[in-house]
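J.: Next up, structure01.cif (mmCIF, C-alpha atoms).
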```cif
data_data
#
loop_
_atom_site.label_atom_id
_atom_site.label_comp_id
_atom_site.auth_asym_id
_atom_site.auth_seq_id
_atom_site.Cartn_x
_atom_site.Cartn_y
_atom_site.Cartn_z
CA MET S 228 143.07 143.73 130.17
CA ASN S 229 146.27 141.78 130.25
CA HIS S 230 149.58 143.46 129.75
CA SER S 231 151.27 141.97 126.76
CA THR S 232 154.81 141.30 125.84
CA LYS S 233 155.34 139.09 122.76
CA ASN S 234 154.02 137.67 119.49
CA THR S 235 153.70 134.44 117.56
CA LEU S 236 155.05 135.18 114.12
CA ILE S 237 154.63 131.77 112.55
CA ILE S 238 150.91 131.45 113.17
CA ALA S 239 150.15 134.93 111.87
CA GLY S 240 152.44 134.51 108.89
CA ALA S 241 150.92 131.18 107.98
CA SER S 242 147.41 132.62 108.05
CA VAL S 243 148.20 135.50 105.72
CA LEU S 244 150.34 133.42 103.38
CA ALA S 245 147.57 130.82 103.16
CA VAL S 246 145.12 133.54 102.13
CA LEU S 247 147.54 134.87 99.51
CA ILE S 248 148.26 131.41 98.12
CA LEU S 249 144.54 130.61 98.02
CA THR S 250 143.85 133.91 96.27
CA ALA S 251 146.55 133.24 93.70
CA GLY S 252 145.11 129.78 93.08
CA ILE S 253 141.58 131.13 92.60
CA LEU S 254 142.80 133.75 90.15
CA THR S 255 144.81 131.22 88.16
CA GLY S 256 142.06 128.62 88.19
CA GLY S 257 139.49 131.17 87.03
CA ILE S 258 141.55 132.04 83.97
CA LEU S 259 142.09 128.39 83.09
CA PHE S 260 138.43 127.52 83.49
CA GLY S 261 137.34 130.50 81.38
CA GLY S 262 139.69 129.48 78.60
CA ALA S 263 138.27 125.98 78.63
CA ALA S 264 134.71 127.26 78.27
CA GLU S 265 135.56 129.40 75.26
CA GLN S 266 137.83 126.97 73.43
CA THR S 267 139.37 123.75 74.63
CA VAL S 268 140.93 122.74 77.90
CA GLN S 269 144.44 124.18 78.06
CA ALA S 270 147.18 124.62 80.62
CA ALA S 271 147.14 127.78 82.73
CA PRO S 272 149.50 130.38 81.25
CA PRO S 273 152.82 130.30 83.15
CA PRO S 274 152.80 134.12 83.66
CA GLN S 275 149.63 133.83 85.73
CA ILE S 276 151.17 131.18 87.98
CA ALA S 277 154.28 133.27 88.29
CA ALA S 278 152.20 136.29 89.23
CA GLY S 279 150.72 134.48 92.22
CA THR S 280 154.10 133.17 93.28
CA ASP S 281 155.66 136.60 92.90
CA LEU S 282 152.98 138.10 95.13
CA VAL S 283 153.84 135.75 97.97
CA ALA S 284 157.56 136.16 97.38
CA ALA S 285 157.23 139.95 97.48
CA LEU S 286 155.46 139.77 100.83
CA GLU S 287 158.11 137.43 102.20
CA GLN S 288 160.91 139.67 101.03
CA SER S 289 159.25 142.72 102.54
CA LEU S 290 158.85 141.04 105.91
CA GLU S 291 162.40 139.67 105.82
CA LYS S 292 163.76 143.15 105.16
CA VAL S 293 161.77 144.71 108.02
CA TYR S 294 163.02 141.99 110.37
CA ASP S 295 166.66 142.18 109.29
CA ASP S 296 166.74 145.99 109.33
CA ASN S 297 165.18 146.30 112.78
CA LEU S 298 166.62 143.28 114.59
CA PRO S 299 169.69 145.23 115.83
CA SER S 300 167.37 147.89 117.26
CA VAL S 301 165.10 145.57 119.26
CA VAL S 302 166.07 144.35 122.72
CA SER S 303 164.91 141.83 125.27
CA ILE S 304 164.48 143.34 128.74
CA ARG S 305 164.86 141.14 131.82
CA VAL S 306 163.67 142.66 135.05
CA THR S 307 164.11 141.73 138.70
CA THR S 308 161.83 143.12 141.39
CA ASN S 309 161.90 142.46 145.13
CA LEU S 310 158.85 140.77 146.56
CA ASP S 311 156.83 142.52 149.24
CA MET S 312 157.02 139.96 152.04
CA SER S 313 154.18 141.64 153.95
CA SER S 314 151.75 140.21 151.38
CA PHE S 315 152.65 136.61 152.25
CA ASP S 316 150.93 134.50 154.89
CA PHE S 317 153.52 132.88 157.16
CA GLY S 318 150.97 131.21 159.39
CA GLY S 319 151.46 133.59 162.27
CA GLU S 320 155.23 133.35 162.16
CA THR S 321 157.42 136.40 161.89
CA PRO S 322 158.20 137.12 158.22
CA PRO S 323 161.86 136.57 157.35
CA PRO S 324 164.02 139.65 156.86
CA ASP S 325 164.66 140.99 153.37
CA HIS S 326 166.73 138.48 151.50
CA PRO S 327 168.04 138.50 147.90
CA ASP S 328 166.31 135.18 147.26
CA PHE S 329 162.89 136.79 147.64
CA PHE S 330 162.42 138.35 144.23
CA ASN S 331 160.41 138.11 141.07
CA GLN S 332 161.68 138.06 137.50
CA GLY S 333 159.88 139.26 134.42
CA SER S 334 160.62 140.11 130.83
CA GLY S 335 159.59 142.55 128.16
CA SER S 336 160.77 144.23 125.02
CA GLY S 337 162.12 147.59 123.94
CA PHE S 338 163.91 149.38 121.13
CA VAL S 339 166.87 151.70 120.71
CA TRP S 340 165.83 155.34 120.53
CA ASP S 341 169.18 157.07 119.94
CA THR S 342 172.93 156.51 119.89
CA GLU S 343 173.25 157.79 123.46
CA GLY S 344 171.95 154.48 124.80
CA HIS S 345 168.31 155.42 125.46
CA ILE S 346 165.84 152.57 125.05
CA VAL S 347 162.06 152.96 124.97
CA THR S 348 159.77 150.40 126.57
CA ASN S 349 156.55 150.26 128.60
CA ASN S 350 156.37 151.66 132.10
CA HIS S 351 154.76 148.45 133.34
CA VAL S 352 157.76 146.46 132.10
CA VAL S 353 160.27 148.24 134.36
CA GLU S 354 157.96 149.47 137.13
CA ASP S 355 159.46 148.82 140.59
CA ALA S 356 162.50 147.13 139.02
CA THR S 357 165.58 146.68 141.20
CA ASP S 358 167.74 145.27 138.39
CA ILE S 359 167.35 145.59 134.62
CA GLU S 360 169.30 143.65 132.01
CA VAL S 361 169.08 144.45 128.30
CA VAL S 362 169.97 141.77 125.75
CA PHE S 363 170.57 142.56 122.08
CA ALA S 364 170.11 140.18 119.16
CA ASP S 365 173.86 139.55 118.96
CA ASP S 366 173.71 138.29 122.59
CA THR S 367 175.29 141.45 124.00
CA ALA S 368 173.93 141.76 127.55
CA VAL S 369 174.30 144.93 129.58
CA SER S 370 172.67 146.40 132.67
CA ALA S 371 170.36 149.38 132.35
CA GLU S 372 169.00 152.15 134.55
CA VAL S 373 165.64 153.87 134.45
CA VAL S 374 165.88 157.42 133.10
CA GLY S 375 162.22 158.37 133.34
CA THR S 376 158.71 156.95 133.34
CA ASP S 377 155.27 158.15 132.33
CA PRO S 378 152.56 155.88 133.73
CA ASP S 379 149.81 157.86 131.98
CA SER S 380 151.08 156.78 128.55
CA ASP S 381 152.64 153.55 129.88
CA LEU S 382 156.01 154.62 128.50
CA ALA S 383 159.46 154.48 130.04
CA VAL S 384 163.01 155.27 129.01
CA ILE S 385 165.96 153.21 130.23
CA LYS S 386 169.64 153.70 129.40
CA VAL S 387 172.54 151.39 128.63
CA ASP S 388 176.23 152.26 128.54
CA LEU S 389 177.41 151.19 125.08
CA PRO S 390 179.43 152.93 122.36
CA ALA S 391 177.35 154.81 119.80
CA SER S 392 178.78 152.57 117.08
CA GLU S 393 177.03 149.57 118.67
CA LEU S 394 173.61 151.22 118.82
CA LYS S 395 171.19 151.39 115.91
CA PRO S 396 168.16 153.62 116.56
CA VAL S 397 164.83 152.75 114.97
CA LYS S 398 163.22 154.78 112.22
CA VAL S 399 160.30 156.73 113.68
CA GLY S 400 157.11 156.81 111.61
CA ASP S 401 153.92 158.88 111.78
CA SER S 402 150.97 157.34 113.60
CA ASP S 403 148.61 160.17 112.59
CA ASN S 404 148.45 158.95 108.99
CA LEU S 405 147.58 155.30 109.53
CA GLN S 406 144.83 153.58 107.60
CA VAL S 407 142.90 150.49 108.64
CA GLY S 408 144.19 147.56 106.61
CA GLN S 409 147.81 148.66 106.47
CA LEU S 410 150.41 146.05 107.35
CA ALA S 411 151.41 145.96 111.04
CA ILE S 412 154.53 144.08 112.14
CA ALA S 413 155.35 143.39 115.80
CA LEU S 414 158.83 142.56 117.05
CA GLY S 415 159.52 141.40 120.57
CA ASN S 416 160.11 138.55 122.95
CA PRO S 417 156.84 136.70 123.61
CA PHE S 418 156.87 134.05 126.34
CA GLY S 419 160.66 134.26 126.50
CA GLN S 420 161.05 133.45 122.80
CA ASP S 421 163.53 136.18 121.99
CA PHE S 422 163.37 138.26 118.82
CA THR S 423 160.13 136.96 117.38
CA MET S 424 158.23 138.65 114.57
CA THR S 425 154.49 138.48 113.98
CA PHE S 426 152.38 140.43 111.56
CA GLY S 427 148.84 141.37 110.71
CA ILE S 428 147.09 144.61 109.91
CA VAL S 429 146.06 147.84 111.58
CA SER S 430 142.61 146.69 112.70
CA ALA S 431 141.41 150.07 113.96
CA GLU S 432 142.77 153.40 115.10
CA GLY S 433 141.71 155.99 117.63
CA ARG S 434 140.98 153.50 120.41
CA LEU S 435 140.96 154.60 124.05
CA ILE S 436 142.59 152.39 126.70
CA ARG S 437 143.44 152.82 130.36
CA GLY S 438 147.09 153.75 130.89
CA GLY S 439 148.29 150.99 133.19
CA ASN S 440 147.67 151.79 136.84
CA SER S 441 147.54 155.56 136.37
CA GLY S 442 143.76 155.74 136.08
CA PHE S 443 143.98 158.07 133.09
CA SER S 444 143.35 157.06 129.50
CA ILE S 445 145.62 156.83 126.47
CA PRO S 446 143.95 158.20 123.32
CA SER S 447 144.46 157.48 119.62
CA VAL S 448 145.66 153.95 120.39
CA ILE S 449 146.37 151.55 117.50
CA GLN S 450 144.46 148.26 117.44
CA THR S 451 146.09 145.37 115.60
CA ASP S 452 145.47 141.70 114.96
CA ALA S 453 149.21 141.02 114.84
CA PRO S 454 149.61 138.44 117.63
CA ILE S 455 150.79 140.12 120.84
CA ASN S 456 151.65 138.07 123.91
CA PRO S 457 153.24 138.49 127.34
CA GLY S 458 156.81 139.53 126.64
CA ASN S 459 155.93 141.77 123.68
CA SER S 460 155.20 144.77 125.88
CA GLY S 461 157.44 147.67 125.01
CA GLY S 462 158.42 146.30 121.62
CA PRO S 463 157.85 148.18 118.37
CA LEU S 464 154.89 147.94 116.02
CA LEU S 465 156.17 148.75 112.53
CA ASN S 466 154.76 149.54 109.11
CA ARG S 467 155.86 147.88 105.88
CA ASN S 468 158.66 150.43 105.52
CA GLY S 469 160.16 149.35 108.83
CA GLU S 470 159.15 152.57 110.62
CA VAL S 471 157.88 152.41 114.20
CA ILE S 472 154.22 153.41 114.38
CA GLY S 473 153.50 152.25 117.93
CA ILE S 474 154.71 150.61 121.12
CA ASN S 475 152.95 147.31 121.92
CA THR S 476 151.37 147.62 125.33
CA GLN S 477 148.17 145.69 126.05
CA ILE S 478 145.91 142.92 124.87
CA ILE S 479 142.27 142.02 125.43
CA SER S 480 142.17 138.24 125.60
CA ARG S 481 140.05 135.65 127.35
CA SER S 482 142.91 133.18 127.19
CA GLY S 483 145.65 135.66 128.14
CA GLY S 484 147.49 134.91 124.92
CA GLY S 485 147.69 136.15 121.37
CA SER S 486 144.12 135.13 120.42
CA GLY S 487 142.89 138.57 121.39
CA ILE S 488 142.99 142.21 120.42
CA GLY S 489 146.34 143.94 120.64
CA PHE S 490 146.94 147.62 121.31
CA ALA S 491 149.94 149.86 120.73
CA VAL S 492 150.64 153.35 122.07
CA PRO S 493 150.98 155.67 119.04
CA ILE S 494 154.54 156.66 118.23
CA ASN S 495 153.46 160.31 117.96
CA ILE S 496 152.64 160.29 121.68
CA ALA S 497 156.04 158.73 122.39
CA SER S 498 157.71 161.38 120.24
CA ARG S 499 156.37 164.03 122.62
CA VAL S 500 156.87 162.16 125.88
CA VAL S 501 160.24 160.47 125.39
CA PRO S 502 162.40 163.60 124.86
CA THR S 503 160.95 165.09 128.05
CA LEU S 504 161.79 161.94 130.02
CA ILE S 505 165.31 161.90 128.58
CA SER S 506 165.79 165.50 129.73
CA GLY S 507 165.01 164.38 133.29
CA ASP S 508 161.59 166.02 133.54
CA ASP S 509 158.12 164.61 134.01
CA TYR S 510 155.82 164.99 131.04
CA GLU S 511 152.95 167.31 131.98
CA TYR S 512 149.49 166.76 130.55
CA ALA S 513 146.75 169.34 130.39
CA TRP S 514 143.88 168.52 132.73
CA LEU S 515 140.20 169.38 132.53
CA GLY S 516 138.95 167.38 135.51
CA ILE S 517 135.90 165.45 134.34
CA SER S 518 134.78 161.90 133.79
CA GLY S 519 132.71 161.46 130.68
CA GLY S 520 130.97 159.31 128.15
CA GLU S 521 129.18 159.41 124.82
CA VAL S 522 125.89 160.88 123.62
CA THR S 523 123.70 157.81 123.21
CA PRO S 524 120.54 157.68 121.05
CA GLU S 525 118.53 157.32 124.26
CA MET S 526 120.07 160.48 125.68
CA ALA S 527 119.48 162.37 122.45
CA ASP S 528 115.83 161.33 122.41
CA PHE S 529 115.27 162.11 126.09
CA ARG S 530 116.82 165.57 125.78
CA ASN S 531 115.26 166.30 122.36
CA LEU S 532 118.67 166.87 120.82
CA GLY S 533 118.31 165.17 117.49
CA ARG S 534 120.32 162.19 116.33
CA ASP S 535 122.89 164.43 114.63
CA VAL S 536 124.16 165.82 117.94
CA HIS S 537 127.42 164.29 119.13
CA GLY S 538 129.86 165.10 121.88
CA ALA S 539 131.37 164.20 125.22
CA THR S 540 128.91 163.93 128.08
CA VAL S 541 130.04 165.20 131.48
CA ILE S 542 129.28 162.51 134.04
CA ALA S 543 131.12 164.02 136.99
CA VAL S 544 133.25 167.10 137.69
CA LEU S 545 136.10 166.91 140.16
CA GLU S 546 135.99 169.47 142.94
CA ASP S 547 138.44 172.38 142.51
CA SER S 548 139.30 171.22 139.00
CA PRO S 549 139.53 173.57 135.98
CA ALA S 550 136.15 172.22 134.83
CA ALA S 551 134.56 173.05 138.19
CA GLU S 552 136.04 176.54 138.20
CA ALA S 553 134.63 177.13 134.73
CA GLY S 554 131.15 176.02 135.81
CA LEU S 555 130.84 172.72 133.98
CA LEU S 556 128.19 170.46 135.47
CA GLY S 557 127.92 166.69 135.67
CA ARG S 558 124.92 164.58 136.58
CA ASP S 559 122.69 165.83 139.37
CA GLU S 560 123.78 163.71 142.33
CA SER S 561 120.57 164.51 144.20
CA LEU S 562 118.55 162.44 141.72
CA ALA S 563 117.93 158.71 141.90
CA GLU S 564 120.69 156.91 139.99
CA ASP S 565 118.19 154.84 138.01
CA SER S 566 116.10 157.84 136.90
CA ASP S 567 116.24 159.14 133.33
CA GLU S 568 116.99 162.63 134.63
CA TYR S 569 120.11 161.30 136.28
CA LEU S 570 121.18 158.88 133.53
CA TYR S 571 120.88 161.45 130.77
CA GLY S 572 121.78 164.58 132.68
CA GLY S 573 124.96 166.66 132.74
CA ASP S 574 126.58 169.01 130.26
CA ILE S 575 127.45 167.87 126.74
CA ILE S 576 130.66 169.25 125.22
CA THR S 577 130.15 169.32 121.45
CA ALA S 578 133.37 171.10 120.41
CA ILE S 579 136.72 172.32 121.75
CA ASN S 580 138.37 175.33 120.14
CA GLY S 581 136.01 174.91 117.21
CA GLN S 582 136.92 171.24 116.73
CA PRO S 583 133.73 169.10 116.72
CA LEU S 584 133.76 166.14 119.10
CA GLY S 585 132.33 162.74 118.32
CA GLY S 586 132.67 161.64 121.94
CA ILE S 587 134.91 161.56 124.99
CA ASP S 588 137.67 159.87 122.95
CA ASP S 589 137.99 162.92 120.73
CA LEU S 590 138.10 165.26 123.71
CA ILE S 591 140.88 163.31 125.40
CA ALA S 592 142.84 163.02 122.16
CA TYR S 593 142.65 166.79 121.62
CA LEU S 594 143.71 167.57 125.18
CA VAL S 595 146.71 165.23 124.94
CA SER S 596 147.84 166.23 121.46
CA ASP S 597 146.98 169.91 121.17
CA THR S 598 147.06 171.46 124.64
CA ARG S 599 149.40 171.98 127.55
CA PRO S 600 148.79 173.05 131.17
CA GLY S 601 147.85 176.73 131.39
CA ASP S 602 146.20 176.89 127.97
CA ASP S 603 142.78 178.49 127.61
CA VAL S 604 140.29 176.45 125.59
CA GLU S 605 136.78 177.30 124.47
CA LEU S 606 134.16 174.60 124.89
CA ASN S 607 130.79 174.52 123.15
CA VAL S 608 128.39 173.18 125.77
CA ILE S 609 124.77 172.06 125.76
CA ARG S 610 123.32 172.41 129.25
CA ALA S 611 120.83 170.02 130.82
CA ASP S 612 117.97 172.43 130.02
CA GLY S 613 118.92 172.50 126.33
CA THR S 614 120.57 175.92 126.27
CA GLU S 615 123.91 176.30 124.51
CA GLU S 616 126.90 178.20 125.88
CA ASN S 617 130.54 178.84 125.08
CA VAL S 618 132.64 178.17 128.16
CA THR S 619 136.29 179.19 128.50
CA VAL S 620 138.43 176.90 130.65
CA THR S 621 142.01 177.42 131.78
CA LEU S 622 143.48 173.94 131.78
CA GLY S 623 145.45 172.74 134.77
CA ARG S 624 148.25 170.21 135.23
CA ARG S 625 147.09 166.63 135.47
CA PRO S 626 147.45 165.34 139.05
CA SER S 627 149.51 162.25 139.78
CA ALA S 628 146.46 160.14 140.51
CA PRO S 629 142.76 160.60 139.62
CA SER S 630 140.10 160.84 142.27
CA PHE S 631 137.37 158.96 140.46
CA GLY S 632 137.02 156.25 137.83
CA GLN S 633 135.53 156.15 134.36
CA VAL S 634 137.25 157.98 131.54
CA GLU S 635 138.92 161.03 132.98
CA LYS S 636 140.77 164.04 131.63
#
```
Translate the structure of the given file into structure tokens.
T.:
Amino acid sequence: MNHSTKNTLIIAGASVLAVLILTAGILTGGILFGGAAEQTVQAAPPPQIAAGTDLVAALEQSLEKVYDDNLPSVVSIRVTTNLDMSSFDFGGETPPPDHPDFFNQGSGSGFVWDTEGHIVTNNHVVEDATDIEVVFADDTAVSAEVVGTDPDSDLAVIKVDLPASELKPVKVGDSDNLQVGQLAIALGNPFGQDFTMTFGIVSAEGRLIRGGNSGFSIPSVIQTDAPINPGNSGGPLLNRNGEVIGINTQIISRSGGGSGIGFAVPINIASRVVPTLISGDDYEYAWLGISGGEVTPEMADFRNLGRDVHGATVIAVLEDSPAAEAGLLGRDESLAEDSDEYLYGGDIITAINGQPLGGIDDLIAYLVSDTRPGDDVELNVIRADGTEENVTVTLGRRPSAPSFGQVEK
């Protein structure tokens, strides 16, 4: 998965406008043709032509307003990081001492959070940065410092020293009420092309992606077909009302460009994490200590569960984790890894605090959104032998780095 950072507005806009124009033409042509069949050939009624034109014009005006309203809030972030000279091959020669010429430059996007100078972006945009420059749409350029980072959500807060009168915070939306098909507008700086807008739709919601290099997963992620490219990372994903619904963060693409699937961290996660980072604290996530998967039809058949049983399968349980202390069990490691008993073994968590689970995604989303370290949760569990139990777990604090792969919480 390639980290993203920008979008191509014109291509996306052209595609949607072409569809709208084609639709308007079909509607108008249909009316004209019908009239000809009933009576004689006549010109299409002007109101119908105007209706199609008005539809396109309304979309254009809506996009123009979102762009104009949010342009002062979006920034281009230019980052300098020192290169690790130990990773270079000098042909047996002694590596040169640290020198300011040995550095790497990158770019990303961000947006103004408040009038105190806090700017939200992705953690991977400013990670290991030695110098950060923030550029506004009016060409104001100012240095910035990192206030706090959260690798698990791939979010970071940086701060600039500017008067409150020169800072325009974004309008924060609600990512819990999104619907597939709603307009999604991305602002950012793709491939160094500053302050570019692209748009598409919310393609899906509730996706699960890996949070950068943290090893943990980000739940409830927004998927969009709005073109997202390197340089867009950290920029806002907005709805048609100009409210931020997500922070553009990653893209799945074979080409490494915008012809892929874009993802944005939900703004509701940022609304919990960002204030904590601004206060100078690390955001603490509740931790169960398992890696998991889904209940597949093959597993349901093998364990005689019925196709209506859903939940999060426990693949492995970390030693000394809250899950281990509560007696949750993963796959039997003594079995052959290619055996059915191994493949389809382990506990199945079907609900947490009475909330049914469709899979591991739902479990992670609940832990992130509805629990904190120290909370007691009740899990409905189906054991490997088919018995059902209610297990109470006291959640811990997520460690800084996981000890095994797969999806973990």
J.: Can you find the residues with an atom no farther than 12 Å from (148.9, 162.0, 128.3), counting all atoms listed in the file, and report them as number ranges by chain?
T.: S: 377-382, 435-438, 441-448, 492-493, 495-501, 509-514, 591-600, 624-627, 635-636
J.: Give me, please, the distance in Å between CA of Phe418 (chain S) and CA of Leu290 (chain S), quoted to one decimal.
T.: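 Computing it gives 21.7 Å between the two atoms.
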J.: Suppose you want the space between CA of Ala371 (chain S) and CA of Ile449 (chain S); what is it in Å?
T.: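 For CA of Ala371 (chain S) relative to CA of Ile449 (chain S), the distance reads 28.3 Å.
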J.: Distance cut-off 8 Å, centre (161.3, 135.8, 135.0) in file coordinates, counting only C-alpha atoms: which residues qualify? Return them as an MDAnalysis selection string.
T.: chainID S and resid 305:307 331:334
J.: Measuring atom to atom with all atoms listed in the file, identify which of S:Ala383, S:Ala578, S:Val522, S:Val429 is nearest to Asp535 (chain S).
T.: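 For Asp535 (chain S), the nearest of the candidates is S:Val522.
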J.: How many Å lie between CA of Pro583 (chain S) and CA of His537 (chain S), rounded to one decimal?
T.: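 Taking CA of Pro583 (chain S) and CA of His537 (chain S), their separation equals 8.3 Å.
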J.: Can you turn the PyMOL selection byres ((chain S and resi 413) around 12) into a concrete residue list for this file, as a ChimeraX atom specification?
T.: /S:231-236,239-240,290,293-294,297-298,301,336-338,410-412,414-417,422-429,451-456,458-467,469-476,485,489-491
J.: What does the PyMOL selection byres ((chain S and resi 621) around 12) select in this file, as a list in words?
T.: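 When the PyMOL selection byres ((chain S and resi 621) around 12) is applied to the shown file, the picked residues are Ala513, Trp514, Leu515, Gly516, Ser548, Pro549, Ala550, Ala551, Glu552, Ala553, Gly554, Leu594, Thr598, Arg599, Pro600, Gly601, Asp602, Asp603, Val604, Glu605, Leu606, Val618, Thr619, Val620, Leu622, Gly623 and Arg624 of chain S.
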J.: For Thr376 (chain S), which residue out of S:Ser506, S:Gln406, S:Ser430, S:Ser566 is the nearest one, using only C-alpha atoms?
T.: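 Checking each candidate against Thr376 (chain S), we get S:Ser506 as the closest.
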J.: Given the file above and the PyMOL selection byres ((chain S and resi 520) around 12), which residues are selected, and can you give them as a ChimeraX atom specification?
T.: /S:435,517-519,521-523,526,537-543,557-558,570-576,584-591,632-636
J.: Which is closer to Leu389 (chain S) than all the others in S:Asp528, S:Ala368, S:Gln409, S:Asn404, using all atoms listed in the file?
T.: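 Among S:Asp528, S:Ala368, S:Gln409, S:Asn404, it is S:Ala368 that comes nearest to Leu389 (chain S).
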J.: With distances taken over all atoms listed in the file, which of S:Thr342, S:Val608, S:Ile385, S:Ile494 is nearest to Leu556 (chain S)?
T.: S:Val608
J.: Which residue out of S:Thr280, S:Pro457, S:Gly400, S:Val407 has the minimum interatomic distance to His351 (chain S) when all atoms listed in the file are used?
T.: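 Going through S:Thr280, S:Pro457, S:Gly400, S:Val407 one by one, the smallest distance to His351 (chain S) is for S:Pro457.
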